[in-house]
file upload-v1.cif (mmCIF, C-alpha atoms)
data_my_file
#
loop_
_atom_site.label_atom_id
_atom_site.label_comp_id
_atom_site.auth_asym_id
_atom_site.auth_seq_id
_atom_site.Cartn_x
_atom_site.Cartn_y
_atom_site.Cartn_z
CA MET A 1 10.10 27.52 -7.77
CA ASN A 2 12.46 29.58 -5.62
CA GLU A 3 11.01 27.78 -2.61
CA LEU A 4 12.08 24.44 -4.10
CA PHE A 5 15.65 25.66 -4.62
CA THR A 6 15.74 26.91 -1.03
CA ILE A 7 14.60 23.52 0.25
CA ALA A 8 16.93 21.53 -2.03
CA ARG A 9 19.96 23.47 -0.80
CA HIS A 10 19.51 21.90 2.63
CA PHE A 11 20.44 18.57 0.99
CA VAL A 12 22.47 19.30 -2.13
CA ALA A 13 25.37 21.67 -2.85
CA PRO A 14 23.63 24.77 -4.27
CA ASN A 15 26.11 25.36 -7.10
CA THR A 16 25.34 21.92 -8.58
CA ILE A 17 21.56 22.40 -8.99
CA GLU A 18 20.59 23.35 -12.55
CA GLU A 19 16.82 22.86 -12.54
CA ILE A 20 13.98 21.44 -10.46
CA ALA A 21 11.03 20.04 -12.41
CA LEU A 22 7.83 18.19 -11.59
CA LEU A 23 8.10 14.40 -11.55
CA GLY A 24 5.15 12.04 -11.86
CA ASN A 25 1.58 12.56 -10.65
CA GLY A 26 1.50 11.13 -7.14
CA LEU A 27 -1.75 11.42 -5.20
CA ILE A 28 -0.22 11.85 -1.73
CA ASN A 29 3.15 13.62 -2.00
CA ASP A 30 4.39 16.36 -4.37
CA THR A 31 7.48 15.09 -6.20
CA TYR A 32 10.18 16.86 -8.23
CA LYS A 33 13.42 15.90 -9.96
CA ILE A 34 16.61 17.84 -9.26
CA MET A 35 18.74 18.20 -12.40
CA VAL A 36 22.54 18.10 -12.19
CA SER A 37 24.81 18.13 -15.29
CA GLY A 38 21.79 17.81 -17.53
CA GLN A 39 20.50 14.65 -15.86
CA PRO A 40 18.04 13.96 -13.03
CA LYS A 41 20.22 13.29 -9.99
CA TYR A 42 17.92 13.55 -6.99
CA VAL A 43 14.22 13.40 -6.14
CA LEU A 44 12.76 16.18 -3.98
CA GLN A 45 9.49 15.32 -2.27
CA ARG A 46 7.07 17.16 -0.04
CA ILE A 47 5.71 14.82 2.61
CA ASN A 48 1.96 15.06 3.08
CA ASN A 49 1.84 15.44 6.83
CA ALA A 50 -1.97 15.51 6.77
CA VAL A 51 -1.75 11.79 5.92
CA PHE A 52 1.53 11.01 7.70
CA THR A 53 1.20 13.05 10.87
CA ASP A 54 4.37 11.76 12.59
CA VAL A 55 7.13 12.60 10.10
CA GLU A 56 9.86 11.71 12.59
CA MET A 57 8.44 8.18 12.84
CA LEU A 58 7.87 8.01 9.09
CA GLN A 59 11.46 8.81 8.21
CA GLY A 60 12.78 6.69 11.08
CA ASN A 61 10.88 3.70 9.69
CA ILE A 62 12.22 4.28 6.19
CA GLU A 63 15.81 4.78 7.36
CA ALA A 64 15.69 1.58 9.43
CA VAL A 65 14.27 -0.46 6.55
CA THR A 66 16.53 0.85 3.80
CA SER A 67 19.68 0.61 5.95
CA HIS A 68 18.86 -2.97 6.90
CA ILE A 69 18.26 -4.02 3.30
CA ARG A 70 21.42 -2.25 2.12
CA GLN A 71 23.54 -4.00 4.78
CA LYS A 72 22.13 -7.38 3.77
CA TYR A 73 22.78 -6.73 0.10
CA GLU A 74 26.36 -5.64 0.88
CA LYS A 75 26.99 -8.92 2.72
CA GLN A 76 25.49 -10.85 -0.18
CA GLY A 77 27.66 -8.98 -2.67
CA VAL A 78 24.67 -7.66 -4.62
CA ALA A 79 25.82 -5.57 -7.58
CA ASP A 80 24.57 -2.11 -8.52
CA LEU A 81 23.58 -1.44 -4.91
CA GLY A 82 22.65 2.18 -5.56
CA ARG A 83 19.78 1.03 -7.78
CA ARG A 84 18.60 -1.86 -5.60
CA VAL A 85 17.45 0.06 -2.53
CA LEU A 86 16.28 3.64 -1.99
CA HIS A 87 18.72 6.08 -0.40
CA PHE A 88 17.60 9.26 1.39
CA LEU A 89 20.05 12.13 1.83
CA LYS A 90 20.69 13.78 5.17
CA ALA A 91 19.98 17.50 5.32
CA ASP A 92 22.22 20.08 6.96
CA THR A 93 20.10 19.47 10.07
CA GLY A 94 21.43 15.91 10.32
CA LYS A 95 18.00 14.43 9.61
CA THR A 96 16.58 12.98 6.39
CA TYR A 97 13.94 15.69 6.25
CA VAL A 98 13.54 19.41 6.80
CA PHE A 99 10.59 21.45 8.07
CA GLU A 100 10.16 24.87 6.55
CA ASP A 101 7.17 27.22 6.25
CA GLY A 102 4.81 24.59 7.59
CA LYS A 103 5.93 21.89 5.13
CA TYR A 104 8.10 18.77 5.41
CA TRP A 105 10.56 17.86 2.64
CA ARG A 106 13.01 15.04 1.87
CA VAL A 107 15.46 14.16 -0.89
CA MET A 108 16.47 10.76 -2.25
CA ASP A 109 18.81 9.59 -5.00
CA PHE A 110 17.20 9.36 -8.44
CA ILE A 111 17.50 5.81 -9.81
CA ALA A 112 18.48 6.25 -13.45
CA ASP A 113 17.26 4.04 -16.29
CA SER A 114 14.42 2.67 -14.18
CA TYR A 115 10.81 2.19 -15.12
CA THR A 116 7.45 1.54 -13.52
CA TYR A 117 4.52 -0.30 -15.08
CA GLU A 118 0.79 0.07 -14.58
CA ALA A 119 -0.32 -3.08 -16.37
CA VAL A 120 -1.48 -5.94 -14.18
CA THR A 121 -0.80 -9.06 -16.21
CA PRO A 122 -0.05 -12.48 -14.73
CA GLU A 123 3.63 -11.85 -15.58
CA TYR A 124 3.80 -8.60 -13.61
CA ALA A 125 1.63 -10.06 -10.86
CA TYR A 126 4.27 -12.77 -10.42
CA TYR A 127 7.05 -10.15 -10.24
CA ALA A 128 5.04 -8.23 -7.66
CA GLY A 129 4.42 -11.32 -5.53
CA ARG A 130 8.07 -12.29 -5.59
CA SER A 131 9.31 -8.74 -4.93
CA PHE A 132 7.01 -8.00 -2.02
CA GLY A 133 7.64 -11.47 -0.59
CA ASP A 134 11.40 -10.89 -0.83
CA PHE A 135 10.92 -7.47 0.78
CA GLU A 136 9.18 -9.00 3.81
CA SER A 137 11.78 -11.76 3.97
CA LEU A 138 14.65 -9.27 4.10
CA LEU A 139 13.05 -7.58 7.10
CA THR A 140 12.22 -10.60 9.27
CA ASP A 141 15.34 -10.04 11.39
CA LEU A 142 15.11 -6.25 11.57
CA GLU A 143 15.72 -5.29 15.20
CA ALA A 144 15.19 -1.53 14.92
CA PRO A 145 11.70 -0.57 16.11
CA ILE A 146 9.21 0.20 13.35
CA GLY A 147 6.20 2.32 14.29
CA GLU A 148 2.63 1.96 13.08
CA ILE A 149 2.61 5.06 10.90
CA ILE A 150 -1.17 4.88 10.28
CA PRO A 151 -2.68 3.20 13.36
CA ASP A 152 -5.28 0.50 12.62
CA PHE A 153 -4.81 1.02 8.88
CA HIS A 154 -5.77 -2.58 8.01
CA ASN A 155 -7.62 -3.49 11.21
CA ILE A 156 -11.07 -4.71 10.13
CA GLU A 157 -12.44 -4.59 13.67
CA PHE A 158 -11.55 -0.88 13.79
CA ARG A 159 -13.15 -0.28 10.37
CA LEU A 160 -16.36 -2.03 11.47
CA LYS A 161 -16.40 0.10 14.61
CA GLN A 162 -16.16 3.19 12.42
CA LEU A 163 -19.12 1.90 10.42
CA ASP A 164 -21.14 1.33 13.61
CA GLU A 165 -20.39 4.92 14.67
CA ALA A 166 -21.48 6.25 11.28
CA ILE A 167 -24.73 4.29 11.48
CA ALA A 168 -25.44 5.53 15.02
CA VAL A 169 -24.92 9.20 14.12
CA ASP A 170 -26.44 9.05 10.60
CA LYS A 171 -25.22 12.58 9.87
CA VAL A 172 -27.08 13.13 6.61
CA GLY A 173 -30.04 10.79 7.03
CA ARG A 174 -28.95 8.06 4.64
CA MET A 175 -29.98 5.23 6.96
CA ASN A 176 -33.57 5.71 5.74
CA ASP A 177 -32.62 4.25 2.36
CA PRO A 178 -33.68 0.57 2.04
CA GLU A 179 -30.52 -0.23 0.03
CA VAL A 180 -28.33 1.22 2.77
CA GLN A 181 -30.19 -0.87 5.35
CA ALA A 182 -29.71 -3.96 3.16
CA TYR A 183 -25.95 -3.38 2.93
CA VAL A 184 -25.72 -2.93 6.70
CA ALA A 185 -27.34 -6.34 7.11
CA LYS A 186 -25.08 -8.01 4.52
CA ILE A 187 -21.90 -6.57 6.00
CA LYS A 188 -22.82 -7.48 9.56
CA ALA A 189 -23.86 -11.02 8.59
CA VAL A 190 -20.24 -11.96 7.79
CA ALA A 191 -18.45 -9.53 10.12
CA ASP A 192 -17.49 -12.19 12.65
CA GLU A 193 -15.77 -14.46 10.12
CA MET A 194 -14.03 -11.50 8.48
CA CYS A 195 -12.42 -10.59 11.83
CA LEU A 196 -10.53 -13.91 11.89
CA GLY A 197 -7.06 -12.34 11.57
CA GLU A 198 -7.48 -10.06 14.60
CA ARG A 199 -8.75 -12.99 16.70
CA LEU A 200 -5.84 -15.21 15.71
CA TYR A 201 -3.46 -12.40 16.64
CA ARG A 202 -5.01 -11.99 20.09
CA GLU A 203 -4.76 -15.74 20.60
CA GLY A 204 -1.02 -15.56 19.89
CA LYS A 205 -1.29 -17.71 16.77
CA LEU A 206 -0.69 -15.08 14.11
CA PRO A 207 2.37 -12.77 14.10
CA LYS A 208 2.77 -9.29 12.73
CA ARG A 209 5.53 -8.77 10.18
CA ILE A 210 7.17 -5.68 8.72
CA CYS A 211 5.00 -5.22 5.62
CA HIS A 212 4.90 -2.75 2.76
CA CYS A 213 1.11 -2.14 3.13
CA ASP A 214 0.71 -0.55 -0.31
CA THR A 215 1.42 -3.38 -2.72
CA LYS A 216 0.90 -2.25 -6.29
CA VAL A 217 2.71 -3.15 -9.51
CA ASN A 218 3.74 0.50 -9.90
CA ASN A 219 5.47 0.43 -6.52
CA MET A 220 8.34 -1.52 -8.07
CA LEU A 221 11.14 -0.20 -10.26
CA PHE A 222 12.32 -2.27 -13.25
CA ASP A 223 15.47 -1.94 -15.35
CA LYS A 224 15.38 -1.67 -19.15
CA ASP A 225 15.49 -5.47 -19.48
CA GLY A 226 12.38 -5.96 -17.33
CA ASN A 227 14.23 -7.09 -14.19
CA VAL A 228 12.96 -5.83 -10.83
CA LEU A 229 15.38 -3.35 -9.25
CA CYS A 230 13.67 -2.48 -5.98
CA VAL A 231 10.46 -1.83 -4.10
CA ILE A 232 9.58 1.86 -3.74
CA ASP A 233 7.05 4.09 -1.94
CA LEU A 234 7.96 3.01 1.59
CA ASP A 235 5.78 5.49 3.48
CA THR A 236 3.30 2.84 4.64
CA VAL A 237 5.88 0.28 5.79
CA MET A 238 4.77 -0.84 9.26
CA PRO A 239 3.94 -3.89 11.37
CA SER A 240 0.95 -5.77 9.96
CA PHE A 241 -0.25 -9.24 9.07
CA VAL A 242 1.10 -10.64 5.80
CA PHE A 243 -2.54 -10.48 4.72
CA SER A 244 -2.00 -6.75 4.13
CA ASP A 245 0.54 -7.21 1.37
CA PHE A 246 -1.19 -10.25 -0.11
CA GLY A 247 -4.83 -9.19 0.04
CA ASP A 248 -4.46 -5.52 -0.80
CA PHE A 249 -2.57 -6.26 -4.01
CA LEU A 250 -5.26 -8.65 -5.20
CA ARG A 251 -8.08 -6.27 -4.31
CA SER A 252 -7.00 -4.01 -7.15
CA ALA A 253 -4.99 -6.33 -9.39
CA ALA A 254 -7.45 -9.25 -9.57
CA ASN A 255 -10.49 -7.05 -10.12
CA THR A 256 -11.60 -7.33 -13.75
CA GLY A 257 -13.56 -4.08 -13.38
CA ALA A 258 -12.86 -0.68 -11.89
CA GLU A 259 -12.84 0.04 -8.17
CA ASP A 260 -15.91 2.20 -8.70
CA ASP A 261 -17.42 0.35 -11.66
CA PRO A 262 -21.15 1.12 -11.90
CA ASP A 263 -21.66 -2.00 -14.05
CA LEU A 264 -21.31 -4.90 -11.62
CA ASP A 265 -21.29 -7.38 -14.50
CA ASN A 266 -17.76 -6.16 -15.25
CA ILE A 267 -16.48 -7.25 -11.85
CA HIS A 268 -15.01 -10.72 -11.41
CA PHE A 269 -12.01 -12.12 -9.54
CA ASN A 270 -9.14 -12.93 -11.92
CA MET A 271 -7.73 -16.27 -10.80
CA GLU A 272 -4.85 -16.12 -13.29
CA VAL A 273 -3.58 -12.98 -11.55
CA PHE A 274 -4.14 -14.67 -8.17
CA LYS A 275 -2.16 -17.77 -9.17
CA ALA A 276 0.75 -15.75 -10.57
CA PHE A 277 0.94 -13.41 -7.60
CA ALA A 278 0.61 -16.25 -5.08
CA LYS A 279 3.35 -18.25 -6.84
CA GLY A 280 5.77 -15.34 -6.63
CA TYR A 281 4.78 -14.47 -3.08
CA LEU A 282 5.26 -18.02 -1.81
CA GLU A 283 8.71 -18.12 -3.42
CA GLY A 284 9.67 -14.85 -1.76
CA THR A 285 8.36 -15.79 1.70
CA LYS A 286 9.36 -19.46 1.86
CA SER A 287 12.05 -18.76 4.47
CA PHE A 288 9.63 -17.52 7.10
CA LEU A 289 5.95 -17.96 6.22
CA LEU A 290 4.12 -19.99 8.88
CA PRO A 291 1.51 -22.61 8.00
CA ILE A 292 -1.24 -20.50 9.60
CA GLU A 293 -0.23 -17.53 7.44
CA LYS A 294 -0.17 -19.59 4.27
CA GLU A 295 -3.48 -21.35 4.92
CA ASN A 296 -5.22 -18.01 5.45
CA LEU A 297 -3.97 -16.27 2.31
CA PRO A 298 -7.30 -17.04 0.55
CA TYR A 299 -9.07 -15.36 3.48
CA ALA A 300 -6.86 -12.30 2.86
CA ALA A 301 -8.04 -12.19 -0.75
CA THR A 302 -11.64 -11.84 0.48
CA LEU A 303 -10.84 -9.61 3.45
CA PHE A 304 -9.56 -6.62 1.51
CA PRO A 305 -12.51 -6.02 -0.83
CA TYR A 306 -14.75 -6.54 2.21
CA MET A 307 -12.75 -4.01 4.23
CA GLN A 308 -12.77 -1.47 1.42
CA ALA A 309 -16.53 -1.88 1.00
CA VAL A 310 -16.89 -1.16 4.72
CA ARG A 311 -14.74 1.96 4.43
CA PHE A 312 -16.55 3.37 1.37
CA PHE A 313 -19.92 2.55 2.94
CA ALA A 314 -19.09 4.25 6.25
CA ASP A 315 -17.95 7.35 4.36
CA TYR A 316 -21.18 7.38 2.36
CA ILE A 317 -23.26 7.24 5.54
CA ASN A 318 -21.08 9.99 7.05
CA GLY A 319 -21.82 12.28 4.13
CA ASP A 320 -18.65 11.69 2.07
CA THR A 321 -16.15 13.35 4.37
CA TYR A 322 -13.04 11.23 3.68
CA TYR A 323 -12.86 10.02 0.07
CA LYS A 324 -13.07 12.49 -2.79
CA ILE A 325 -16.22 11.96 -4.82
CA ARG A 326 -17.13 12.99 -8.36
CA TYR A 327 -20.90 12.73 -7.90
CA PRO A 328 -23.28 12.32 -4.91
CA GLU A 329 -23.65 8.52 -5.13
CA HIS A 330 -19.98 7.83 -5.80
CA ASN A 331 -19.20 6.18 -2.45
CA MET A 332 -22.30 4.00 -2.73
CA VAL A 333 -21.24 2.94 -6.23
CA ARG A 334 -17.82 2.10 -4.82
CA THR A 335 -19.46 0.10 -2.03
CA ARG A 336 -21.50 -1.97 -4.48
CA ALA A 337 -18.41 -2.62 -6.63
CA GLN A 338 -16.23 -3.72 -3.71
CA TRP A 339 -19.02 -5.89 -2.31
CA LYS A 340 -19.38 -7.59 -5.69
CA LEU A 341 -15.62 -8.21 -5.78
CA TYR A 342 -15.79 -9.66 -2.26
CA LYS A 343 -18.56 -12.06 -3.33
CA GLU A 344 -16.63 -13.04 -6.46
CA ALA A 345 -13.50 -13.74 -4.39
CA VAL A 346 -15.56 -15.89 -2.00
CA LYS A 347 -16.72 -17.97 -4.97
CA CYS A 348 -13.07 -18.62 -5.84
CA LEU A 349 -12.04 -19.75 -2.34
CA PRO A 350 -12.04 -23.51 -3.17
CA GLU A 351 -9.81 -22.93 -6.21
CA MET A 352 -7.49 -20.64 -4.21
CA LYS A 353 -7.10 -23.26 -1.49
CA GLN A 354 -6.46 -25.97 -4.05
CA MET A 355 -3.78 -23.85 -5.73
CA LEU A 356 -2.10 -23.19 -2.36
CA ASP A 357 -2.60 -26.83 -1.29
CA VAL A 358 -4.18 -25.81 2.03
#

call {"tool": "encode", "arguments": {"input": "upload-v1.cif", "output": "structure tokens"}}
result
Amino acid sequence: MNELFTIARHFVAPNTIEEIALLGNGLINDTYKIMVSGQPKYVLQRINNAVFTDVEMLQGNIEAVTSHIRQKYEKQGVADLGRRVLHFLKADTGKTYVFEDGKYWRVMDFIADSYTYEAVTPEYAYYAGRSFGDFESLLTDLEAPIGEIIPDFHNIEFRLKQLDEAIAVDKVGRMNDPEVQAYVAKIKAVADEMCLGERLYREGKLPKRICHCDTKVNNMLFDKDGNVLCVIDLDTVMPSFVFSDFGDFLRSAANTGAEDDPDLDNIHFNMEVFKAFAKGYLEGTKSFLLPIEKENLPYAATLFPYMQAVRFFADYINGDTYYKIRYPEHNMVRTRAQWKLYKEAVKCLPEMKQMLDV
């Protein structure tokens, strides 16, 4: 704990810090609350530089985005500004992070009386759609350069190339399994149509936007009355297609089963969640969304379970080197579940298009 106090003193006056305690259970970064006058005042966070290898770019992205949103809110006269956008403190180094003993750290203001929710109901799906749509809208005129913090993160052509490489090497001999061979055939049969977004981009028809790229209900803060305060967890903000924010949310939120559900009968695509999220998203993006982006939102809803199936499948063939597994077949179970979700989403395409009037 002494290490935490040493780090915190780079950002906060040492005589004000009373206690530093664990906060939340994040999977990527270690997070703590800094107590001042008996209340949580700041959030101390260790940045996982194994995931985010360019911390300078990471923090530069976040500073550019939060500063831009804050300036817009100031012009609009938005009240309670300190709770509507994240604020990162500068350390005594002049940067919004410090590097000490091989670790990177940052501190942000703690937003009091704020709450997150895990439940994915149509109501919260609507809030998520509207909030992430508003977030993208606020950043359409951002001139500061934003780097691709995880290159090719949502590039399906890149993910299929990784799968091809895994198949060619076949590290642990799993290509002998007839089921594995069957999934290779199924994935490759639709690969061309699933690469539509990348082709449209190369043809100059589809733009990249500044997107959140990790759209979950619990990446929003609410006040005690249930009103959205702000979008949080900005580490993955980077240029991407709007499909990233739209499709990735639905991959988890519209799945009636678990991501790794062994019972495929549990897995269906929840159209009520889709309709609510799409309604909110269209409201939030109405100032900038192009017809080609809107008409391909149903494609995005199928793309992300397909892409995740490809990623789990490639890792399975590679011998489970990327995703943590709880048992030997875990990545194959995940592959089956995501493939089932992809097929269920495909079944819903006519209804999605009708709802979006495209």

call {"tool": "closest_residue", "arguments": {"input": "upload-v1.cif", "among": "A:Gly247, A:Gly38, A:Gly60, A:Pro305", "to": "Leu234 (chain A)", "atoms": "all atoms listed in the file"}}
result
A:Gly60

call {"tool": "residues_around", "arguments": {"input": "upload-v1.cif", "residues": "Glu179 (chain A)", "least_positions_apart": "5", "cutoff": "12 Å", "atoms": "only C-alpha atoms", "output": "mmCIF file with C-alpha atoms, keeping the file's coordinate frame"}}
result
data_model
loop_
_atom_site.group_PDB
_atom_site.id
_atom_site.type_symbol
_atom_site.label_atom_id
_atom_site.label_comp_id
_atom_site.auth_asym_id
_atom_site.auth_seq_id
_atom_site.Cartn_x
_atom_site.Cartn_y
_atom_site.Cartn_z
ATOM 1 C CA ARG A 174 -28.950 8.060 4.640
ATOM 2 C CA VAL A 184 -25.720 -2.930 6.700
ATOM 3 C CA ALA A 185 -27.340 -6.340 7.110
ATOM 4 C CA LYS A 186 -25.080 -8.010 4.520
ATOM 5 C CA PHE A 313 -19.920 2.550 2.940
ATOM 6 C CA ILE A 317 -23.260 7.240 5.540
ATOM 7 C CA MET A 332 -22.300 4.000 -2.730
ATOM 8 C CA VAL A 333 -21.240 2.940 -6.230
ATOM 9 C CA THR A 335 -19.460 0.100 -2.030
ATOM 10 C CA ARG A 336 -21.500 -1.970 -4.480
#

call {"tool": "resolve_selection", "arguments": {"input": "upload-v1.cif", "expression": "the PyMOL selection byres ((chain A and resi 290) around 12)", "output": "PyMOL selection string"}}
result
chain A and resi 205-209+241-242+282+285-289+291-297

call {"tool": "residues_around", "arguments": {"input": "upload-v1.cif", "residues": "region 263-278 of chain A", "least_positions_apart": "5", "cutoff": "6 Å", "atoms": "only C-alpha atoms", "output": "tab-separated table (two decimals) with C-alpha atoms, keeping the file's coordinate frame"}}
result
chain	number	residue	atom	x	y	z
A	122	PRO	CA	-0.05	-12.48	-14.73
A	125	ALA	CA	1.63	-10.06	-10.86
A	126	TYR	CA	4.27	-12.77	-10.42
A	129	GLY	CA	4.42	-11.32	-5.53
A	254	ALA	CA	-7.45	-9.25	-9.57
A	255	ASN	CA	-10.49	-7.05	-10.12
A	256	THR	CA	-11.60	-7.33	-13.75
A	257	GLY	CA	-13.56	-4.08	-13.38
A	344	GLU	CA	-16.63	-13.04	-6.46
A	345	ALA	CA	-13.50	-13.74	-4.39

call {"tool": "residues_around", "arguments": {"input": "upload-v1.cif", "residues": "Tyr97 (chain A)", "least_positions_apart": "4", "cutoff": "8 Å", "atoms": "all atoms listed in the file", "output": "list of chain:residue names"}}
result
A:Gln59, A:Lys90, A:Ala91, A:Tyr104, A:Trp105, A:Arg106, A:Val107

call {"tool": "write_last_selection", "arguments": {"input": "upload-v1.cif", "atoms": "C-alpha atoms", "output": "JSON list (two decimals), keeping the file's coordinate frame"}}
result
[["chain", "number", "residue", "atom", "x", "y", "z"],
["A", 59, "GLN", "CA", 11.46, 8.81, 8.21],
["A", 90, "LYS", "CA", 20.69, 13.78, 5.17],
["A", 91, "ALA", "CA", 19.98, 17.50, 5.32],
["A", 104, "TYR", "CA", 8.10, 18.77, 5.41],
["A", 105, "TRP", "CA", 10.56, 17.86, 2.64],
["A", 106, "ARG", "CA", 13.01, 15.04, 1.87],
["A", 107, "VAL", "CA", 15.46, 14.16, -0.89]]

call {"tool": "residues_near_point", "arguments": {"input": "upload-v1.cif", "point": "(-3.4, -7.6, 8.0)", "cutoff": "8 Å", "atoms": "all atoms listed in the file", "output": "ChimeraX atom specification"}}
result
/A:154-155,197,208,240-245,300

call {"tool": "closest_residue", "arguments": {"input": "upload-v1.cif", "among": "A:Val55, A:Ala258, A:Ile325, A:Ile111", "to": "Lys95 (chain A)", "atoms": "only C-alpha atoms"}}
result
A:Val55

call {"tool": "atom_distance", "arguments": {"input": "upload-v1.cif", "atom1": "CA of Phe304 (chain A)", "atom2": "CA of Glu165 (chain A)"}}
result
20.6 Å

call {"tool": "resolve_selection", "arguments": {"input": "upload-v1.cif", "expression": "the PyMOL selection byres ((chain A and resi 222) around 12)", "output": "tab-separated table (two decimals) with C-alpha atoms, in the frame of the given file"}}
result
chain	number	residue	atom	x	y	z
A	83	ARG	CA	19.78	1.03	-7.78
A	84	ARG	CA	18.60	-1.86	-5.60
A	111	ILE	CA	17.50	5.81	-9.81
A	112	ALA	CA	18.48	6.25	-13.45
A	113	ASP	CA	17.26	4.04	-16.29
A	114	SER	CA	14.42	2.67	-14.18
A	115	TYR	CA	10.81	2.19	-15.12
A	116	THR	CA	7.45	1.54	-13.52
A	117	TYR	CA	4.52	-0.30	-15.08
A	118	GLU	CA	0.79	0.07	-14.58
A	124	TYR	CA	3.80	-8.60	-13.61
A	127	TYR	CA	7.05	-10.15	-10.24
A	128	ALA	CA	5.04	-8.23	-7.66
A	131	SER	CA	9.31	-8.74	-4.93
A	217	VAL	CA	2.71	-3.15	-9.51
A	218	ASN	CA	3.74	0.50	-9.90
A	219	ASN	CA	5.47	0.43	-6.52
A	220	MET	CA	8.34	-1.52	-8.07
A	221	LEU	CA	11.14	-0.20	-10.26
A	223	ASP	CA	15.47	-1.94	-15.35
A	224	LYS	CA	15.38	-1.67	-19.15
A	225	ASP	CA	15.49	-5.47	-19.48
A	226	GLY	CA	12.38	-5.96	-17.33
A	227	ASN	CA	14.23	-7.09	-14.19
A	228	VAL	CA	12.96	-5.83	-10.83
A	229	LEU	CA	15.38	-3.35	-9.25
A	230	CYS	CA	13.67	-2.48	-5.98
A	231	VAL	CA	10.46	-1.83	-4.10
A	232	ILE	CA	9.58	1.86	-3.74

call {"tool": "closest_residue", "arguments": {"input": "upload-v1.cif", "among": "A:Ile7, A:Val120, A:Met108, A:Leu86", "to": "Lys33 (chain A)", "atoms": "only C-alpha atoms"}}
result
A:Met108

call {"tool": "closest_residue", "arguments": {"input": "upload-v1.cif", "among": "A:Asn2, A:Thr236, A:Asn318, A:Ser252", "to": "Gln338 (chain A)", "atoms": "all atoms listed in the file"}}
result
A:Ser252

call {"tool": "residues_near_point", "arguments": {"input": "upload-v1.cif", "point": "(14.3, 4.5, 10.4)", "cutoff": "12 Å", "atoms": "all atoms listed in the file", "output": "ChimeraX atom specification"}}
result
/A:55-69,87-88,95-97,142-147,149,234-235,237-238

call {"tool": "resolve_selection", "arguments": {"input": "upload-v1.cif", "expression": "the PyMOL selection byres ((chain A and resi 352) around 9)", "output": "list in words"}}
result
Met271, Phe274, Lys275, Leu297, Pro298, Cys348, Leu349, Pro350, Glu351, Lys353, Gln354, Met355, Leu356, Asp357 and Val358 of chain A

call {"tool": "write_last_selection", "arguments": {"input": "upload-v1.cif", "atoms": "C-alpha atoms", "output": "PDB file, keeping the file's coordinate frame"}}
result
ATOM      1  CA  MET A 271      -7.730 -16.270 -10.800  1.00  0.00           C
ATOM      2  CA  PHE A 274      -4.140 -14.670  -8.170  1.00  0.00           C
ATOM      3  CA  LYS A 275      -2.160 -17.770  -9.170  1.00  0.00           C
ATOM      4  CA  LEU A 297      -3.970 -16.270   2.310  1.00  0.00           C
ATOM      5  CA  PRO A 298      -7.300 -17.040   0.550  1.00  0.00           C
ATOM      6  CA  CYS A 348     -13.070 -18.620  -5.840  1.00  0.00           C
ATOM      7  CA  LEU A 349     -12.040 -19.750  -2.340  1.00  0.00           C
ATOM      8  CA  PRO A 350     -12.040 -23.510  -3.170  1.00  0.00           C
ATOM      9  CA  GLU A 351      -9.810 -22.930  -6.210  1.00  0.00           C
ATOM     10  CA  LYS A 353      -7.100 -23.260  -1.490  1.00  0.00           C
ATOM     11  CA  GLN A 354      -6.460 -25.970  -4.050  1.00  0.00           C
ATOM     12  CA  MET A 355      -3.780 -23.850  -5.730  1.00  0.00           C
ATOM     13  CA  LEU A 356      -2.100 -23.190  -2.360  1.00  0.00           C
ATOM     14  CA  ASP A 357      -2.600 -26.830  -1.290  1.00  0.00           C
ATOM     15  CA  VAL A 358      -4.180 -25.810   2.030  1.00  0.00           C
TER      16      VAL A 358
END
